[in-house]
file work.cif (mmCIF, C-alpha atoms and all ligand atoms)
data_entry
loop_
_atom_site.label_atom_id
_atom_site.label_comp_id
_atom_site.auth_asym_id
_atom_site.auth_seq_id
_atom_site.Cartn_x
_atom_site.Cartn_y
_atom_site.Cartn_z
CA MET G 1 27.89 19.00 3.90
CA LEU G 2 28.68 16.20 6.37
CA PHE G 3 26.91 18.15 9.10
CA LYS G 4 23.85 18.48 6.85
CA VAL G 5 23.77 14.74 6.18
CA TYR G 6 24.13 14.06 9.93
CA LEU G 7 21.36 16.55 10.75
CA THR G 8 19.04 14.96 8.19
CA TRP G 9 19.75 11.54 9.70
CA VAL G 10 19.08 12.80 13.25
CA LEU G 11 15.82 14.43 12.14
CA ALA G 12 14.77 11.28 10.30
CA THR G 13 15.48 9.21 13.42
CA LEU G 14 13.55 11.62 15.62
CA SER G 15 10.59 11.37 13.29
CA HIS G 16 9.86 7.92 14.66
CA ALA G 17 9.56 9.16 18.21
CA ASN G 18 6.38 11.14 17.74
CA ASN G 19 3.64 8.70 18.58
CA HIS G 20 3.25 9.22 22.35
CA PHE G 21 0.50 11.75 21.79
CA TYR G 22 -1.71 8.89 20.59
CA LYS G 23 -1.27 6.77 23.68
CA GLY G 24 -4.78 6.29 24.96
CA HIS G 25 -6.41 7.16 21.66
CA GLU G 26 -9.03 4.75 20.41
CA LEU G 27 -9.90 3.79 16.88
CA ILE G 28 -13.58 2.99 16.43
CA ARG G 29 -15.89 1.97 13.61
CA VAL G 30 -19.48 3.20 13.37
CA LEU G 31 -22.17 2.23 10.89
CA PRO G 32 -24.67 5.07 10.31
CA LYS G 33 -28.06 3.95 9.04
CA THR G 34 -30.03 7.21 8.83
CA ASN G 35 -29.39 10.87 7.99
CA GLU G 36 -29.81 11.64 11.67
CA HIS G 37 -26.87 9.32 12.35
CA LEU G 38 -24.77 11.22 9.81
CA ARG G 39 -25.60 14.52 11.51
CA LEU G 40 -24.63 13.00 14.85
CA ILE G 41 -21.23 12.00 13.46
CA HIS G 42 -20.68 15.62 12.37
CA HIS G 43 -21.62 16.61 15.92
CA PHE G 44 -18.96 14.19 17.29
CA GLU G 45 -16.35 15.77 15.01
CA ASP G 46 -17.26 19.30 16.02
CA ASN G 47 -17.59 18.81 19.77
CA TYR G 48 -15.75 15.75 21.06
CA GLY G 49 -12.31 15.88 19.42
CA VAL G 50 -13.34 13.03 17.12
CA ASP G 51 -11.16 12.68 14.02
CA ARG G 52 -13.00 11.01 11.14
CA TRP G 53 -10.55 9.01 9.04
CA SER G 54 -12.94 7.78 6.34
CA GLU G 55 -13.49 10.26 3.53
CA VAL G 56 -16.81 8.51 2.96
CA LEU G 57 -19.72 9.67 5.10
CA GLN G 58 -22.79 7.85 3.88
CA VAL G 59 -25.60 5.74 5.21
CA ASN G 60 -24.72 2.02 5.46
CA ARG G 61 -21.00 2.62 4.95
CA ASP G 62 -18.45 1.88 7.67
CA ILE G 63 -16.82 5.01 9.13
CA LYS G 64 -13.49 4.90 10.95
CA MET G 65 -12.82 7.54 13.61
CA SER G 66 -10.17 8.09 16.26
CA LEU G 67 -10.74 9.83 19.57
CA PRO G 68 -9.14 10.43 22.97
CA ARG G 69 -10.12 7.63 25.36
CA LYS G 70 -11.75 10.05 27.85
CA GLN G 71 -14.39 10.84 25.20
CA LEU G 72 -15.29 7.20 24.61
CA PRO G 73 -18.01 6.87 27.29
CA LYS G 74 -19.89 9.89 25.90
CA ILE G 75 -19.62 8.67 22.30
CA ARG G 76 -20.66 5.15 23.29
CA LYS G 77 -23.67 6.53 25.21
CA LEU G 78 -24.80 8.71 22.28
CA CYS G 79 -24.36 5.85 19.81
CA LYS G 80 -26.48 3.60 22.01
CA GLN G 81 -29.12 6.31 22.49
CA TYR G 82 -29.46 6.90 18.72
CA GLY G 83 -29.08 3.25 17.69
CA ILE G 84 -25.73 3.52 15.90
CA ASP G 85 -23.72 0.32 15.65
CA MET G 86 -20.26 1.02 17.17
CA LYS G 87 -17.20 -1.18 17.48
CA ILE G 88 -13.71 -0.58 18.91
CA LEU G 89 -11.10 -1.54 16.30
CA ASN G 90 -8.01 -0.67 18.30
CA ASN G 91 -7.61 0.71 21.80
CA ASN G 92 -4.07 2.01 21.44
CA LEU G 93 -3.42 4.15 18.40
CA GLU G 94 0.19 4.63 19.48
CA LYS G 95 0.80 0.89 19.00
CA LEU G 96 -0.93 0.89 15.63
CA ILE G 97 1.35 3.68 14.39
CA GLN G 98 4.34 1.85 15.87
CA SER G 99 3.51 -1.38 14.03
CA SER G 100 3.48 0.50 10.72
CA ASP G 101 6.81 2.17 11.59
CA ASP G 102 8.29 -1.23 12.44
CA ILE G 103 7.43 -2.58 8.97
CA SER G 104 9.01 0.55 7.45
CA LYS G 105 12.18 0.03 9.50
CA GLN G 106 12.47 -3.60 8.37
CA HIS G 107 12.00 -2.42 4.79
CA LYS G 108 14.87 0.05 5.25
CA THR G 109 17.16 -2.59 6.72
CA ARG G 110 16.36 -5.03 3.89
CA THR G 111 17.03 -2.48 1.15
CA ARG G 112 20.29 -1.41 2.84
CA ARG G 113 21.47 -5.02 2.92
CA ALA G 114 20.79 -5.40 -0.79
CA ILE G 115 23.85 -3.27 -1.58
CA LYS G 116 24.05 -4.61 -5.10
CA HIS G 117 20.86 -2.83 -6.03
CA PHE G 118 21.06 0.77 -4.86
CA THR G 119 17.60 1.96 -3.90
CA PRO G 120 17.07 5.73 -4.06
CA PRO G 121 16.05 7.23 -0.67
CA HIS G 122 12.63 8.40 -1.91
CA LEU G 123 11.63 4.75 -2.38
CA VAL G 124 12.80 3.72 1.10
CA ASP G 125 11.57 6.56 3.34
CA TYR G 126 8.86 9.16 3.51
CA LEU G 127 11.31 12.02 2.99
CA ARG G 128 11.36 15.09 5.23
CA TYR G 129 10.82 18.58 3.77
CA ASP G 130 14.56 19.36 3.48
CA GLN G 131 15.17 16.03 1.80
CA ILE G 132 12.36 16.71 -0.67
CA VAL G 133 13.93 20.08 -1.58
CA GLN G 134 17.27 18.31 -2.02
CA PHE G 135 15.57 15.63 -4.18
CA LEU G 136 13.98 18.30 -6.40
CA ASN G 137 17.32 20.03 -6.92
CA GLN G 138 18.96 16.70 -7.84
CA GLN G 139 16.16 15.94 -10.30
CA HIS G 140 16.42 19.42 -11.79
CA ARG G 141 20.11 18.80 -12.50
CA ARG G 142 19.48 15.35 -13.94
CA SER G 143 18.25 16.10 -17.47
CA PRO G 144 21.44 17.10 -19.27
CA THR G 145 20.47 16.40 -22.87
CA TYR G 146 17.64 18.89 -23.18
CA ARG G 147 18.12 22.45 -22.10
CA ASN G 148 15.26 23.94 -20.11
CA PHE G 149 13.57 20.58 -19.85
CA THR G 150 12.90 21.27 -16.19
CA SER G 151 12.56 24.34 -14.05
CA LEU G 152 12.31 24.58 -10.30
CA PHE G 153 10.60 27.44 -8.51
CA SER G 154 8.51 28.30 -5.46
CA ILE G 155 4.86 29.36 -5.83
CA GLY G 156 4.72 30.95 -2.37
CA THR G 157 5.61 30.56 1.28
CA THR G 158 3.75 29.10 4.24
CA HIS G 159 2.99 30.54 7.66
CA GLU G 160 6.24 28.99 8.97
CA ASN G 161 8.09 30.47 5.99
CA ARG G 162 8.69 27.31 4.01
CA SER G 163 8.75 27.58 0.23
CA ILE G 164 6.17 25.62 -1.73
CA TRP G 165 8.44 24.13 -4.38
CA THR G 166 7.20 23.27 -7.84
CA ILE G 167 8.96 21.49 -10.68
CA ARG G 168 8.09 21.83 -14.35
CA ILE G 169 8.99 18.93 -16.61
CA GLY G 170 8.48 19.15 -20.37
CA LYS G 171 9.98 20.19 -23.68
CA PRO G 172 10.23 23.97 -23.91
CA THR G 173 8.19 23.68 -27.13
CA ALA G 174 5.33 21.79 -25.42
CA ARG G 175 2.23 23.95 -25.52
CA ARG G 176 -0.23 22.22 -23.22
CA ASN G 177 -0.07 22.26 -19.42
CA ILE G 178 -0.90 19.85 -16.63
CA LEU G 179 -0.86 20.61 -12.90
CA MET G 180 -0.52 18.03 -10.15
CA ASP G 181 -0.16 18.47 -6.41
CA CYS G 182 0.42 16.23 -3.43
CA GLY G 183 0.39 16.57 0.32
CA ILE G 184 -2.47 19.03 0.91
CA HIS G 185 -3.31 16.93 3.96
CA ALA G 186 -0.28 16.47 6.20
CA ARG G 187 -0.78 12.89 7.38
CA GLU G 188 -1.27 11.39 3.92
CA PHE G 189 2.42 10.50 3.52
CA ILE G 190 1.85 8.22 0.53
CA SER G 191 0.74 11.25 -1.49
CA PRO G 192 4.03 13.27 -1.57
CA SER G 193 5.98 10.03 -2.05
CA THR G 194 3.85 9.30 -5.14
CA CYS G 195 4.55 12.75 -6.59
CA LEU G 196 8.29 12.18 -6.04
CA TYR G 197 8.00 8.78 -7.73
CA MET G 198 6.35 10.38 -10.78
CA ILE G 199 8.94 13.19 -10.98
CA ASP G 200 11.77 10.66 -10.93
CA LYS G 201 10.15 8.49 -13.62
CA LEU G 202 9.30 11.41 -15.91
CA ILE G 203 12.90 12.61 -15.84
CA GLU G 204 14.13 9.05 -16.35
CA GLU G 205 12.01 8.87 -19.53
CA VAL G 206 13.56 12.13 -20.73
CA ASN G 207 17.05 10.74 -20.16
CA ASN G 208 16.17 7.50 -21.92
CA GLY G 209 14.99 9.42 -24.97
CA ARG G 210 11.29 8.57 -24.54
CA PRO G 211 9.73 11.90 -23.64
CA SER G 212 6.69 11.53 -25.93
CA LEU G 213 4.14 12.89 -23.44
CA LEU G 214 6.52 15.68 -22.53
CA SER G 215 6.66 16.88 -26.13
CA VAL G 216 2.99 17.74 -25.77
CA PHE G 217 2.66 18.66 -22.11
CA ASN G 218 4.56 20.69 -19.60
CA ILE G 219 3.79 18.89 -16.37
CA TYR G 220 3.97 21.02 -13.24
CA ILE G 221 4.22 19.04 -10.01
CA ILE G 222 3.93 20.47 -6.49
CA PRO G 223 5.04 17.50 -4.36
CA LEU G 224 4.22 19.08 -1.00
CA LEU G 225 1.60 21.81 -0.85
CA ASN G 226 1.36 21.78 2.96
CA PRO G 227 4.98 21.49 4.17
CA ASP G 228 4.31 22.97 7.65
CA GLY G 229 1.62 20.40 8.41
CA TYR G 230 3.72 17.60 6.93
CA GLU G 231 6.76 18.41 9.08
CA TYR G 232 4.52 18.59 12.14
CA ALA G 233 3.06 15.17 11.28
CA GLN G 234 6.59 13.79 10.77
CA THR G 235 7.88 15.06 14.12
CA GLU G 236 5.01 15.70 16.54
CA ARG G 237 1.65 14.21 15.63
CA ARG G 238 1.47 11.52 12.94
CA MET G 239 -2.27 12.08 12.39
CA TRP G 240 -2.06 15.87 11.78
CA ARG G 241 -4.17 16.89 8.77
CA LYS G 242 -4.33 20.70 8.59
CA ASN G 243 -1.72 23.40 8.01
CA ARG G 244 -0.08 25.17 10.99
CA SER G 245 -1.70 28.61 11.00
CA PRO G 246 -2.47 29.94 14.48
CA ASN G 247 -6.18 30.57 15.04
CA GLY G 248 -5.79 32.84 18.06
CA ILE G 249 -6.15 36.08 16.10
CA HIS G 250 -9.68 35.34 14.97
CA TYR G 251 -11.09 33.03 17.63
CA ARG G 252 -8.72 33.22 20.60
CA SER G 253 -8.38 29.51 20.13
CA ASN G 254 -5.32 27.48 21.06
CA CYS G 255 -6.19 24.99 18.34
CA MET G 256 -3.91 25.38 15.37
CA GLY G 257 -4.39 24.86 11.68
CA VAL G 258 -6.89 25.13 8.87
CA ASP G 259 -8.04 22.25 6.66
CA LEU G 260 -6.71 23.52 3.34
CA ASN G 261 -9.09 21.29 1.44
CA ARG G 262 -12.04 23.15 2.98
CA ASN G 263 -10.55 26.62 2.55
CA PHE G 264 -10.88 27.20 -1.21
CA GLY G 265 -13.37 29.93 -2.14
CA TYR G 266 -15.95 28.17 -4.24
CA HIS G 267 -19.26 27.55 -2.46
CA TRP G 268 -17.13 27.83 0.68
CA MET G 269 -18.68 26.46 3.92
CA GLU G 270 -21.85 25.33 2.17
CA ASN G 271 -21.40 21.69 3.20
CA GLY G 272 -19.19 19.27 5.11
CA ALA G 273 -16.86 21.80 6.73
CA SER G 274 -16.55 23.24 10.21
CA MET G 275 -16.25 26.73 11.73
CA ASN G 276 -14.69 25.29 14.87
CA PRO G 277 -10.88 25.89 14.84
CA CYS G 278 -10.40 22.67 16.82
CA SER G 279 -12.13 20.54 14.19
CA GLU G 280 -10.08 18.56 11.68
CA THR G 281 -12.24 20.04 8.90
CA TYR G 282 -11.98 23.68 10.04
CA ALA G 283 -12.54 25.76 6.88
CA GLY G 284 -10.62 28.85 8.10
CA PRO G 285 -11.77 32.30 9.30
CA HIS G 286 -12.84 33.19 5.76
CA GLN G 287 -12.47 31.68 2.32
CA ASP G 288 -8.97 31.64 0.79
CA SER G 289 -7.51 32.74 4.13
CA GLU G 290 -4.43 30.50 3.97
CA PRO G 291 -1.07 31.18 2.27
CA GLU G 292 -1.00 27.67 0.73
CA THR G 293 -4.50 28.14 -0.74
CA ARG G 294 -3.67 31.55 -2.18
CA SER G 295 -0.32 30.37 -3.58
CA LEU G 296 -2.01 27.60 -5.58
CA GLN G 297 -4.78 29.93 -6.76
CA ARG G 298 -2.31 32.60 -7.83
CA PHE G 299 -0.30 30.04 -9.73
CA ILE G 300 -3.37 28.73 -11.57
CA ASN G 301 -4.84 32.20 -12.21
CA GLN G 302 -1.89 34.39 -12.92
CA SER G 303 0.06 32.06 -15.11
CA PRO G 304 -0.26 33.11 -18.73
CA ARG G 305 -1.11 29.55 -19.70
CA SER G 306 -4.17 27.42 -19.85
CA TRP G 307 -4.37 24.14 -18.02
CA ASP G 308 -5.61 20.90 -19.56
CA ALA G 309 -5.92 19.10 -16.25
CA TYR G 310 -5.42 19.39 -12.50
CA LEU G 311 -4.89 16.28 -10.40
CA THR G 312 -4.61 16.41 -6.62
CA PHE G 313 -3.41 13.33 -4.72
CA HIS G 314 -4.73 12.35 -1.30
CA SER G 315 -5.13 9.18 0.71
CA TYR G 316 -6.89 6.95 1.42
CA GLY G 317 -9.78 4.96 -0.06
CA GLN G 318 -8.86 4.15 -3.70
CA TYR G 319 -11.13 6.66 -5.39
CA TRP G 320 -10.63 8.54 -8.66
CA ILE G 321 -13.15 11.32 -8.20
CA TYR G 322 -14.21 14.47 -9.99
CA PRO G 323 -16.27 17.57 -9.05
CA TRP G 324 -18.51 18.55 -7.61
CA GLY G 325 -17.76 18.06 -3.95
CA PHE G 326 -19.91 20.90 -2.62
CA ALA G 327 -23.22 19.44 -3.87
CA LEU G 328 -24.69 16.32 -5.38
CA HIS G 329 -25.39 17.70 -8.84
CA MET G 330 -22.90 17.03 -11.60
CA PRO G 331 -20.91 19.35 -13.88
CA ASP G 332 -22.28 19.54 -17.46
CA ASP G 333 -19.30 17.64 -18.84
CA TYR G 334 -19.29 14.90 -16.21
CA ARG G 335 -19.48 12.12 -18.82
CA GLU G 336 -16.16 13.22 -20.30
CA LEU G 337 -14.66 13.48 -16.82
CA ASN G 338 -15.95 10.01 -16.00
CA ASN G 339 -14.66 8.47 -19.25
CA LYS G 340 -11.14 9.74 -18.68
CA ALA G 341 -11.19 8.60 -15.05
CA VAL G 342 -12.10 5.10 -16.30
CA ILE G 343 -9.13 5.15 -18.70
CA GLY G 344 -6.74 6.23 -15.92
CA SER G 345 -8.00 3.82 -13.27
CA GLU G 346 -8.03 0.84 -15.66
CA ALA G 347 -4.40 1.44 -16.58
CA LEU G 348 -3.64 1.74 -12.86
CA LYS G 349 -5.38 -1.58 -12.17
CA ARG G 350 -3.35 -3.39 -14.84
CA VAL G 351 -0.14 -2.88 -12.83
CA ASN G 352 -1.00 -4.53 -9.50
CA GLY G 353 -4.73 -5.27 -9.73
CA THR G 354 -5.61 -2.31 -7.47
CA LEU G 355 -9.27 -1.37 -7.84
CA TYR G 356 -10.47 2.23 -7.78
CA LYS G 357 -14.03 3.52 -7.57
CA ILE G 358 -15.02 6.38 -9.87
CA GLY G 359 -17.65 9.09 -9.45
CA SER G 360 -18.30 12.63 -8.32
CA ALA G 361 -16.91 13.53 -4.90
CA ALA G 362 -20.26 14.38 -3.33
CA ASN G 363 -21.93 11.23 -4.64
CA LEU G 364 -19.15 8.81 -3.85
CA LEU G 365 -17.91 10.27 -0.55
CA TYR G 366 -20.14 13.02 0.88
CA GLU G 367 -20.95 16.67 0.26
CA SER G 368 -18.06 18.88 1.34
CA ALA G 369 -17.24 22.35 0.06
CA GLY G 370 -13.98 24.28 -0.15
CA GLY G 371 -11.85 21.64 -1.88
CA SER G 372 -9.07 22.57 -4.30
CA ASP G 373 -10.75 20.39 -6.95
CA ASP G 374 -14.05 22.32 -6.96
CA TRP G 375 -12.16 25.62 -7.04
CA ALA G 376 -9.92 24.47 -9.94
CA LYS G 377 -12.97 23.64 -12.02
CA GLY G 378 -15.42 26.29 -10.83
CA VAL G 379 -13.09 29.29 -10.66
CA GLY G 380 -9.87 28.12 -12.35
CA GLN G 381 -11.92 26.89 -15.33
CA ILE G 382 -9.82 23.74 -15.74
CA LYS G 383 -11.75 21.05 -17.59
CA TYR G 384 -10.27 17.79 -16.31
CA VAL G 385 -10.07 17.99 -12.53
CA TYR G 386 -9.58 14.96 -10.28
CA THR G 387 -8.91 14.08 -6.69
CA VAL G 388 -7.15 10.74 -6.50
CA GLU G 389 -7.45 9.01 -3.12
CA LEU G 390 -4.53 6.58 -3.05
CA ARG G 391 -4.16 3.28 -1.19
CA PRO G 392 -5.25 1.60 0.97
CA SER G 393 -8.87 0.79 0.26
CA ASP G 394 -11.43 1.88 2.86
CA ASP G 395 -13.21 -1.45 2.53
CA MET G 396 -12.89 -3.17 5.92
CA ASN G 397 -12.40 -6.51 4.13
CA ASP G 398 -9.32 -5.28 2.27
CA ALA G 399 -6.11 -6.82 3.62
CA HIS G 400 -4.40 -3.43 3.95
CA ALA G 401 -7.35 -1.28 5.06
CA HIS G 402 -6.12 -1.20 8.67
CA PHE G 403 -3.04 0.80 7.67
CA ALA G 404 -5.24 3.79 6.70
CA PHE G 405 -2.93 6.88 6.71
CA MET G 406 -0.04 4.78 8.02
CA LEU G 407 0.92 2.80 4.96
CA PRO G 408 4.38 1.39 5.63
CA THR G 409 7.11 2.52 3.24
CA THR G 410 6.99 -0.88 1.49
CA PHE G 411 4.00 0.60 -0.37
CA ILE G 412 5.87 3.60 -1.80
CA GLU G 413 7.01 1.72 -4.91
CA PRO G 414 3.86 -0.26 -5.83
CA VAL G 415 1.62 2.77 -5.27
CA GLY G 416 4.01 4.96 -7.28
CA GLN G 417 4.20 2.43 -10.14
CA GLU G 418 0.48 1.96 -10.55
CA THR G 419 -0.40 5.65 -10.10
CA TYR G 420 2.21 6.69 -12.64
CA ALA G 421 0.80 4.17 -15.16
CA GLY G 422 -2.73 5.48 -14.55
CA VAL G 423 -1.75 9.14 -14.88
CA LYS G 424 0.24 8.49 -18.07
CA GLU G 425 -2.66 6.67 -19.73
CA PHE G 426 -5.01 9.47 -18.67
CA LEU G 427 -2.65 12.04 -20.23
CA ARG G 428 -2.38 9.99 -23.43
CA SER G 429 -6.16 9.99 -23.66
CA LEU G 430 -6.07 13.79 -23.70
CA ILE G 431 -3.91 13.66 -26.84
CA ILE G 432 -5.69 10.89 -28.76
CA PRO G 433 -9.05 12.65 -29.34
CA ARG G 434 -7.30 15.42 -31.24
CA LYS G 435 -5.52 12.86 -33.40
CA SER G 436 -8.69 10.85 -34.06
CA LYS G 437 -10.52 14.06 -35.00
CA LEU G 438 -7.76 14.71 -37.50
CA LEU G 439 -8.06 11.14 -38.81
CA VAL G 440 -11.81 11.52 -39.32
CA LYS G 441 -11.18 14.80 -41.09
CA ASN G 442 -8.53 13.23 -43.32
CA GLN G 443 -10.73 10.25 -44.09
CA LYS G 444 -13.53 12.59 -45.17
CA THR G 445 -11.23 14.49 -47.49
CA MET G 446 -9.73 11.32 -48.97
ZN ZN A 1 -6.80 14.27 2.01
#

call {"tool": "encode", "arguments": {"input": "work.cif", "output": "structure tokens", "more": "lines below"}}
Ligand SMILES: [Zn+2]
result
Amino acid sequence: MLFKVYLTWVLATLSHANNHFYKGHELIRVLPKTNEHLRLIHHFEDNYGVDRWSEVLQVNRDIKMSLPRKQLPKIRKLCKQYGIDMKILNNNLEKLIQSSDDISKQHKTRTRRAIKHFTPPHLVDYLRYDQIVQFLNQQHRRSPTYRNFTSLFSIGTTHENRSIWTIRIGKPTARRNILMDCGIHAREFISPSTCLYMIDKLIEEVNNGRPSLLSVFNIYIIPLLNPDGYEYAQTERRMWRKNRSPNGIHYRSNCMGVDLNRNFGYHWMENGASMNPCSETYAGPHQDSEPETRSLQRFINQSPRSWDAYLTFHSYGQYWIYPWGFALHMPDDYRELNNKAVIGSEALKRVNGTLYKIGSAANLLYESAGGSDDWAKGVGQIKYVYTVELRPSDDMNDAHAHFAFMLPTTFIEPVGQETYAGVKEFLRSLIIPRKSKLLVKNQKTM
């Protein structure tokens, strides 16, 4: 046991020593003004090792991208040639990552000093995979008053043989089902931490005798859908986005990994994805090629239950978005999807004043196919499907925008609090219409 604790500590310490890869990486901002400019940015991504950070790719919206310094002259030349406004935001990505880590370290020291108030580790650190598994087991054991109130199981294994753990929380008599996942993209550390926050709070409500939502819903939470990528981002490359599948078999490429959120087989590769294994948005050798993709699909499809909603948490940008992502047209029931997103995001805002934008993925961000959200609605036939892009905002004027994927751990709690409030209000809104229908019915018969 002691050895395990020591090993976890060593691994956690090592996780801060992984930023050297980004020495000499630049962070730039471009402002596309025409569709030709947008196409050129796709060309940068596909051919020059450019990593687009902004989920938005639209005319007259700022786009953040990082790139190896040796590529900068070419990018600068092309931007000048095509009339794209380009600005260097930071010329040493390694330092930028370090400054975020420093704030996290100070946060850890402060919380350790405040011995009187014990702070659980998941609020102080972005936990490693093993720690997350340990956390889930602890949570599973924590609800003593209700038998079978939680269950813990794996929905599949990854290329590196890690289990994709899932926890169910709800009264055994609850008949409706909700699915949430976090951590599809490795570098979005605030996403898994938010799932852990919600798991902890849901079980706390059970133990405090306030499980009202959980009498209606069984909530299934997958806190880390891409554990291989996440561990790689924790230890080797902080900005890693994809999973860790080797691409050599299909393309003889040394570049590893598939973008899981471009791999789902619904209008696959129609828009906004790449066939280049070195691209950050590589869609895979064929649709549904990845073990993580198939595990989630199997779980949605083969479970003898119907799902009321699927929410998938990413960062960053502060968007509460719904399908479709693959094209600009809207699903038939988009008004209902929009209304419920308004309810969720308004409750979220009431906690810390954090503003979210609402709309369809293709309209608000850009057209990109192969996302888990489009698949969940188009193939999985789930009605309420959302991608929630957590903090920070992608508005350059926002005080925290510069943190991007590197939100210091001081944000774990506020982001968890507000997201939990938003999700709960959204879930309540799924119950109320049935009640109000009953009321109307009763009033008519009175
Ligand atoms: Zn993402």

call {"tool": "closest_residue", "arguments": {"input": "work.cif", "among": "G:Ile41, G:Val133, G:Ala404, G:Met65", "to": "ligand ZN 1 (chain A)", "atoms": "all atoms listed in the file"}}
result
G:Ala404

call {"tool": "residues_near_ligand", "arguments": {"input": "work.cif", "ligand": "ligand ZN 1 (chain A)", "cutoff": "7 Å", "atoms": "only C-alpha atoms and all ligand atoms", "output": "list of chain:residue names"}}
result
G:Ile184, G:His185, G:Glu188, G:His314, G:Ser315

call {"tool": "closest_residue", "arguments": {"input": "work.cif", "among": "G:Gln287, G:Gln58, G:Thr150, G:Thr194", "to": "Gln417 (chain G)", "atoms": "all atoms listed in the file"}}
result
G:Thr194

call {"tool": "atom_distance", "arguments": {"input": "work.cif", "atom1": "CA of Lys23 (chain G)", "atom2": "CA of Val50 (chain G)"}}
result
15.1 Å

call {"tool": "atom_distance", "arguments": {"input": "work.cif", "atom1": "CA of Tyr129 (chain G)", "atom2": "CA of Ile222 (chain G)"}}
result
12.5 Å

call {"tool": "closest_residue", "arguments": {"input": "work.cif", "among": "G:Phe405, G:Tyr82, G:Tyr220, G:Phe149", "to": "Arg241 (chain G)", "atoms": "only C-alpha atoms"}}
result
G:Phe405

call {"tool": "atom_distance", "arguments": {"input": "work.cif", "atom1": "CA of Pro392 (chain G)", "atom2": "CA of Ala369 (chain G)"}}
result
24.0 Å

call {"tool": "axis_aligned_box", "arguments": {"input": "work.cif", "around": "region 35-39 of chain G", "padding_each_side": "5 Å", "output": "AutoDock Vina command-line options"}}
result
--center_x -27.3 --center_y 11.9 --center_z 10.2 --size_x 15.0 --size_y 15.2 --size_z 14.4

call {"tool": "residues_around", "arguments": {"input": "work.cif", "residues": "Asp395 (chain G)", "least_positions_apart": "2", "cutoff": "12 Å", "atoms": "all atoms listed in the file", "output": "PDB file with C-alpha atoms, keeping the file's coordinate frame"}}
result
ATOM      1  CA  ARG G  29     -15.890   1.970  13.610  1.00  0.00           C
ATOM      2  CA  SER G  54     -12.940   7.780   6.340  1.00  0.00           C
ATOM      3  CA  GLU G  55     -13.490  10.260   3.530  1.00  0.00           C
ATOM      4  CA  VAL G  56     -16.810   8.510   2.960  1.00  0.00           C
ATOM      5  CA  ARG G  61     -21.000   2.620   4.950  1.00  0.00           C
ATOM      6  CA  ASP G  62     -18.450   1.880   7.670  1.00  0.00           C
ATOM      7  CA  ILE G  63     -16.820   5.010   9.130  1.00  0.00           C
ATOM      8  CA  LYS G  64     -13.490   4.900  10.950  1.00  0.00           C
ATOM      9  CA  TYR G 316      -6.890   6.950   1.420  1.00  0.00           C
ATOM     10  CA  GLY G 317      -9.780   4.960  -0.060  1.00  0.00           C
ATOM     11  CA  GLN G 318      -8.860   4.150  -3.700  1.00  0.00           C
ATOM     12  CA  TYR G 319     -11.130   6.660  -5.390  1.00  0.00           C
ATOM     13  CA  LEU G 355      -9.270  -1.370  -7.840  1.00  0.00           C
ATOM     14  CA  TYR G 356     -10.470   2.230  -7.780  1.00  0.00           C
ATOM     15  CA  LYS G 357     -14.030   3.520  -7.570  1.00  0.00           C
ATOM     16  CA  ARG G 391      -4.160   3.280  -1.190  1.00  0.00           C
ATOM     17  CA  PRO G 392      -5.250   1.600   0.970  1.00  0.00           C
ATOM     18  CA  SER G 393      -8.870   0.790   0.260  1.00  0.00           C
ATOM     19  CA  ASN G 397     -12.400  -6.510   4.130  1.00  0.00           C
ATOM     20  CA  ASP G 398      -9.320  -5.280   2.270  1.00  0.00           C
ATOM     21  CA  ALA G 399      -6.110  -6.820   3.620  1.00  0.00           C
ATOM     22  CA  HIS G 400      -4.400  -3.430   3.950  1.00  0.00           C
ATOM     23  CA  ALA G 401      -7.350  -1.280   5.060  1.00  0.00           C
ATOM     24  CA  HIS G 402      -6.120  -1.200   8.670  1.00  0.00           C
ATOM     25  CA  PHE G 403      -3.040   0.800   7.670  1.00  0.00           C
ATOM     26  CA  ALA G 404      -5.240   3.790   6.700  1.00  0.00           C
TER      27      ALA G 404
END

call {"tool": "build_atoms", "arguments": {"input": "work.cif", "residues": "region 349-355 of chain G", "atoms": "N, CA and C atoms", "output": "mmCIF file, in the frame of the given file"}}
result
data_model
loop_
_atom_site.group_PDB
_atom_site.id
_atom_site.type_symbol
_atom_site.label_atom_id
_atom_site.label_comp_id
_atom_site.auth_asym_id
_atom_site.auth_seq_id
_atom_site.Cartn_x
_atom_site.Cartn_y
_atom_site.Cartn_z
ATOM 1 N N LYS G 349 -5.042 -0.210 -12.627
ATOM 2 C CA LYS G 349 -5.380 -1.580 -12.170
ATOM 3 C C LYS G 349 -4.501 -2.627 -12.845
ATOM 4 N N ARG G 350 -4.151 -2.388 -14.098
ATOM 5 C CA ARG G 350 -3.350 -3.390 -14.840
ATOM 6 C C ARG G 350 -1.989 -3.638 -14.202
ATOM 7 N N VAL G 351 -1.482 -2.717 -13.415
ATOM 8 C CA VAL G 351 -0.140 -2.880 -12.830
ATOM 9 C C VAL G 351 -0.144 -3.885 -11.669
ATOM 10 N N ASN G 352 -1.003 -3.645 -10.680
ATOM 11 C CA ASN G 352 -1.000 -4.530 -9.500
ATOM 12 C C ASN G 352 -2.393 -5.068 -9.160
ATOM 13 N N GLY G 353 -3.361 -4.814 -10.010
ATOM 14 C CA GLY G 353 -4.730 -5.270 -9.730
ATOM 15 C C GLY G 353 -5.490 -4.387 -8.757
ATOM 16 N N THR G 354 -4.961 -3.186 -8.457
ATOM 17 C CA THR G 354 -5.610 -2.310 -7.470
ATOM 18 C C THR G 354 -6.878 -1.682 -8.064
ATOM 19 N N LEU G 355 -7.976 -1.844 -7.338
ATOM 20 C CA LEU G 355 -9.270 -1.370 -7.840
ATOM 21 C C LEU G 355 -9.612 0.014 -7.296
#
